Amino acid sequence: MKKSDFNFDLPPELIAQAPLAERSASRLLLLDVPARTWRDRMFRELPLLLRKGDLLVFNDTRVLPARLYGRKPSGGAVEILIERVTGAHEATVQLGVSKTPRVGTAIVLADGSHATVLGRDEGFFHLRFESPEPLERLLLRLGEMPLPPYISRHADASDLERYQTVYAREPGAVAAPTAGLHFDDGLLAQMREQGVDFGYVTLHVGAGTFQPVRVEDLSHHRMHREWLNVGAGLVDQIHRTRRAGGRVIAVGTTVVRALESATVDGVLRPFAGETQIFIFPGYHITSVDGLITNFHLPQSTLLMLVSALAGRDFMLGAYAHAVKERYRFFSYGDAMLILPHGP
């Protein structure tokens, strides 16, 4: 397939620049894949669309304040976006600079400490942070929440809470698993009361999730690496749910990528490690019976993933409806519930 097969027209004003006042006040587009229909709902109506015995699987990764600012010895400004923490004092990063720094260059941070450029691997740099405190603690002190590139403002204090799911617990991501941003404590409690079960994977979303597909032939695209953990307890939960006739609903594309990475020969098994899995039409997703997800960028790997679940033509039709009805797009936008086997 081709990258251009996944293009659509999106008016810029539909790109959400800030979250709504209430997490669960977002809209929800319900996609019945077998019937080839969609319906406009509200996210707070999600409990009405689930059944007792269903299992929602969340990604419990926690977003680090992963954007830093500094200066080169020449005085030139540097923006550092952590891609992945690789050690107590080291990280793989993207650098926003006017001129590529050489190995050994020291970047001075806001507190006077500095980071040394150790090397480069394609579009990423390896840095060592010359500070006595662990890097994660330094980020909490100096870092800014790494809002996506399509949000045209700097992060503020409210983003520390809102660009984070209410159930986040495992620090390591530099981008939020945004389907989970719609859930608040009240909605979670309501679903628990009606007998919906919850399970968790961890997949630390990297900044590479925003990198565009640069090749037209999708068979030549290489995904970025992300670390994940699918535990034995969750695997048992999923098997019990399906034996009892319940559905496994992924909250976000990161959960689908994690579960599919842990599936070998059609069997889900515990797995911890890295994945570069690329899911696009032609790939048969077996690990989930539904997906809650936000609306994704044109020609993005995430749009390709949901098209593998629901079909490209049907998905692009649903996106055209969402544009017509003025849904809010991307990280702080609205959501959809995709049911490949019907309600």
# chains A, B, ... in the order shown; residues from 1 in each chain; ligands from 1

call {"tool": "residues_around", "arguments": {"residues": "Gly96 (chain A)", "least_positions_apart": "6", "cutoff": "9 Å", "atoms": "only C-alpha atoms", "output": "list in words"}}
result
Ala77, Val78, Glu79, Ile80 and Leu81 of chain A

call {"tool": "closest_atom_pairs", "arguments": {"of": "region 103-160 of chain A", "to": "region 282-300 of chain A", "cutoff": "12 Å", "atoms": "only C-alpha atoms", "output": "JSON lines"}}
result
{"residue": "A:Pro148", "atom": "CA", "partner": "A:Leu297", "partner_atom": "CA", "distance": 11.5}
{"residue": "A:Pro149", "atom": "CA", "partner": "A:Leu297", "partner_atom": "CA", "distance": 11.5}
{"residue": "A:Tyr150", "atom": "CA", "partner": "A:Leu297", "partner_atom": "CA", "distance": 9.6}

call {"tool": "write_last_selection", "arguments": {"atoms": "N, CA, C and O atoms", "output": "PDB file, in the first residue's frame"}}
result
ATOM      1  N   PRO A 148       2.594  17.820  21.586  1.00  0.00           N
ATOM      2  CA  PRO A 148       2.886  17.438  20.197  1.00  0.00           C
ATOM      3  C   PRO A 148       3.156  18.647  19.302  1.00  0.00           C
ATOM      4  O   PRO A 148       2.735  19.772  19.610  1.00  0.00           O
ATOM      5  N   PRO A 149       3.830  18.435  18.181  1.00  0.00           N
ATOM      6  CA  PRO A 149       4.213  19.555  17.309  1.00  0.00           C
ATOM      7  C   PRO A 149       3.039  20.284  16.675  1.00  0.00           C
ATOM      8  O   PRO A 149       3.192  21.425  16.241  1.00  0.00           O
ATOM      9  N   TYR A 150       1.868  19.638  16.614  1.00  0.00           N
ATOM     10  CA  TYR A 150       0.713  20.305  16.008  1.00  0.00           C
ATOM     11  C   TYR A 150      -0.056  21.172  17.004  1.00  0.00           C
ATOM     12  O   TYR A 150      -1.052  21.794  16.642  1.00  0.00           O
TER      13      TYR A 150
END

call {"tool": "closest_residue", "arguments": {"among": "A:Ile15, A:Ala308, A:Val255, A:Val33", "to": "Leu337 (chain A)", "atoms": "only C-alpha atoms"}}
result
A:Val33

call {"tool": "residues_around", "arguments": {"residues": "Val267 (chain A)", "least_positions_apart": "4", "cutoff": "12 Å", "atoms": "only C-alpha atoms", "output": "PyMOL selection string"}}
result
chain A and resi 235-236+238-239+259-263+271+285-287

call {"tool": "atom_distance", "arguments": {"atom1": "CA of Ala110 (chain A)", "atom2": "CA of Arg137 (chain A)"}}
result
14.6 Å

call {"tool": "closest_residue", "arguments": {"among": "A:Met1, A:Leu147, A:Leu46, A:Ala207", "to": "Arg312 (chain A)", "atoms": "only C-alpha atoms"}}
result
A:Met1

call {"tool": "closest_residue", "arguments": {"among": "A:Phe124, A:Phe6, A:Phe280, A:Tyr327", "to": "Gly206 (chain A)", "atoms": "only C-alpha atoms"}}
result
A:Phe124

call {"tool": "select_by_dssp", "arguments": {"residues": "region 49-235 of chain A", "states": "alpha helix (DSSP H)", "output": "list of chain:residue names"}}
result
A:Leu49, A:Leu135, A:Glu136, A:Arg137, A:Leu138, A:Leu139, A:Leu140, A:Arg141, A:Leu142, A:Asp159, A:Leu160, A:Glu161, A:Arg162, A:Asp185, A:Gly186, A:Leu187, A:Leu188, A:Ala189, A:Gln190, A:Met191, A:Arg192, A:Glu193, A:Ala232, A:Gly233, A:Leu234, A:Val235

call {"tool": "closest_residue", "arguments": {"among": "A:Glu133, A:Leu142, A:Ala35, A:Ile151", "to": "Ala16 (chain A)", "atoms": "only C-alpha atoms"}}
result
A:Ile151

call {"tool": "closest_residue", "arguments": {"among": "A:Ala320, A:Leu138, A:Ala258, A:Ala179", "to": "Leu234 (chain A)", "atoms": "only C-alpha atoms"}}
result
A:Ala258

call {"tool": "decode", "arguments": {"residues": "region 197-211 of chain A", "atoms": "N, CA, C and O atoms", "output": "PDB file, in the first residue's frame"}}
result
ATOM      1  N   ASP A 197     -14.158  -4.944  33.636  1.00  0.00           N
ATOM      2  CA  ASP A 197     -12.865  -5.180  34.273  1.00  0.00           C
ATOM      3  C   ASP A 197     -11.797  -4.327  33.610  1.00  0.00           C
ATOM      4  O   ASP A 197     -11.945  -3.901  32.463  1.00  0.00           O
ATOM      5  N   PHE A 198     -10.697  -4.078  34.339  1.00  0.00           N
ATOM      6  CA  PHE A 198      -9.596  -3.258  33.837  1.00  0.00           C
ATOM      7  C   PHE A 198      -8.304  -4.058  33.882  1.00  0.00           C
ATOM      8  O   PHE A 198      -8.046  -4.813  34.824  1.00  0.00           O
ATOM      9  N   GLY A 199      -7.476  -3.881  32.860  1.00  0.00           N
ATOM     10  CA  GLY A 199      -6.141  -4.448  32.826  1.00  0.00           C
ATOM     11  C   GLY A 199      -5.176  -3.411  32.269  1.00  0.00           C
ATOM     12  O   GLY A 199      -5.592  -2.399  31.704  1.00  0.00           O
ATOM     13  N   TYR A 200      -3.859  -3.670  32.421  1.00  0.00           N
ATOM     14  CA  TYR A 200      -2.864  -2.658  32.066  1.00  0.00           C
ATOM     15  C   TYR A 200      -1.666  -3.281  31.356  1.00  0.00           C
ATOM     16  O   TYR A 200      -1.170  -4.340  31.749  1.00  0.00           O
ATOM     17  N   VAL A 201      -1.218  -2.599  30.307  1.00  0.00           N
ATOM     18  CA  VAL A 201       0.097  -2.823  29.727  1.00  0.00           C
ATOM     19  C   VAL A 201       0.911  -1.566  30.002  1.00  0.00           C
ATOM     20  O   VAL A 201       0.373  -0.528  30.394  1.00  0.00           O
ATOM     21  N   THR A 202       2.219  -1.657  29.787  1.00  0.00           N
ATOM     22  CA  THR A 202       3.058  -0.464  29.781  1.00  0.00           C
ATOM     23  C   THR A 202       3.763  -0.399  28.433  1.00  0.00           C
ATOM     24  O   THR A 202       4.421  -1.364  28.030  1.00  0.00           O
ATOM     25  N   LEU A 203       3.581   0.690  27.719  1.00  0.00           N
ATOM     26  CA  LEU A 203       4.368   0.959  26.512  1.00  0.00           C
ATOM     27  C   LEU A 203       4.767   2.421  26.584  1.00  0.00           C
ATOM     28  O   LEU A 203       3.912   3.303  26.603  1.00  0.00           O
ATOM     29  N   HIS A 204       6.067   2.650  26.689  1.00  0.00           N
ATOM     30  CA  HIS A 204       6.565   4.015  26.815  1.00  0.00           C
ATOM     31  C   HIS A 204       6.598   4.668  25.427  1.00  0.00           C
ATOM     32  O   HIS A 204       7.474   4.375  24.609  1.00  0.00           O
ATOM     33  N   VAL A 205       5.646   5.544  25.189  1.00  0.00           N
ATOM     34  CA  VAL A 205       5.503   6.184  23.879  1.00  0.00           C
ATOM     35  C   VAL A 205       6.672   7.129  23.656  1.00  0.00           C
ATOM     36  O   VAL A 205       6.969   7.981  24.500  1.00  0.00           O
ATOM     37  N   GLY A 206       7.346   6.996  22.518  1.00  0.00           N
ATOM     38  CA  GLY A 206       8.480   7.842  22.194  1.00  0.00           C
ATOM     39  C   GLY A 206       8.086   9.000  21.292  1.00  0.00           C
ATOM     40  O   GLY A 206       7.014   9.000  20.669  1.00  0.00           O
ATOM     41  N   ALA A 207       8.955   9.998  21.217  1.00  0.00           N
ATOM     42  CA  ALA A 207       8.702  11.141  20.340  1.00  0.00           C
ATOM     43  C   ALA A 207       8.654  10.721  18.880  1.00  0.00           C
ATOM     44  O   ALA A 207       8.092  11.426  18.035  1.00  0.00           O
ATOM     45  N   GLY A 208       9.212   9.554  18.579  1.00  0.00           N
ATOM     46  CA  GLY A 208       9.167   9.051  17.211  1.00  0.00           C
ATOM     47  C   GLY A 208       7.766   8.801  16.707  1.00  0.00           C
ATOM     48  O   GLY A 208       7.548   8.683  15.495  1.00  0.00           O
ATOM     49  N   THR A 209       6.790   8.736  17.624  1.00  0.00           N
ATOM     50  CA  THR A 209       5.410   8.528  17.197  1.00  0.00           C
ATOM     51  C   THR A 209       4.912   9.668  16.315  1.00  0.00           C
ATOM     52  O   THR A 209       3.964   9.506  15.554  1.00  0.00           O
ATOM     53  N   PHE A 210       5.550  10.847  16.418  1.00  0.00           N
ATOM     54  CA  PHE A 210       5.149  11.994  15.606  1.00  0.00           C
ATOM     55  C   PHE A 210       5.948  12.122  14.313  1.00  0.00           C
ATOM     56  O   PHE A 210       5.695  13.027  13.517  1.00  0.00           O
ATOM     57  N   GLN A 211       6.924  11.242  14.099  1.00  0.00           N
ATOM     58  CA  GLN A 211       7.710  11.333  12.881  1.00  0.00           C
ATOM     59  C   GLN A 211       6.868  10.920  11.672  1.00  0.00           C
ATOM     60  O   GLN A 211       6.162   9.904  11.722  1.00  0.00           O
TER      61      GLN A 211
END
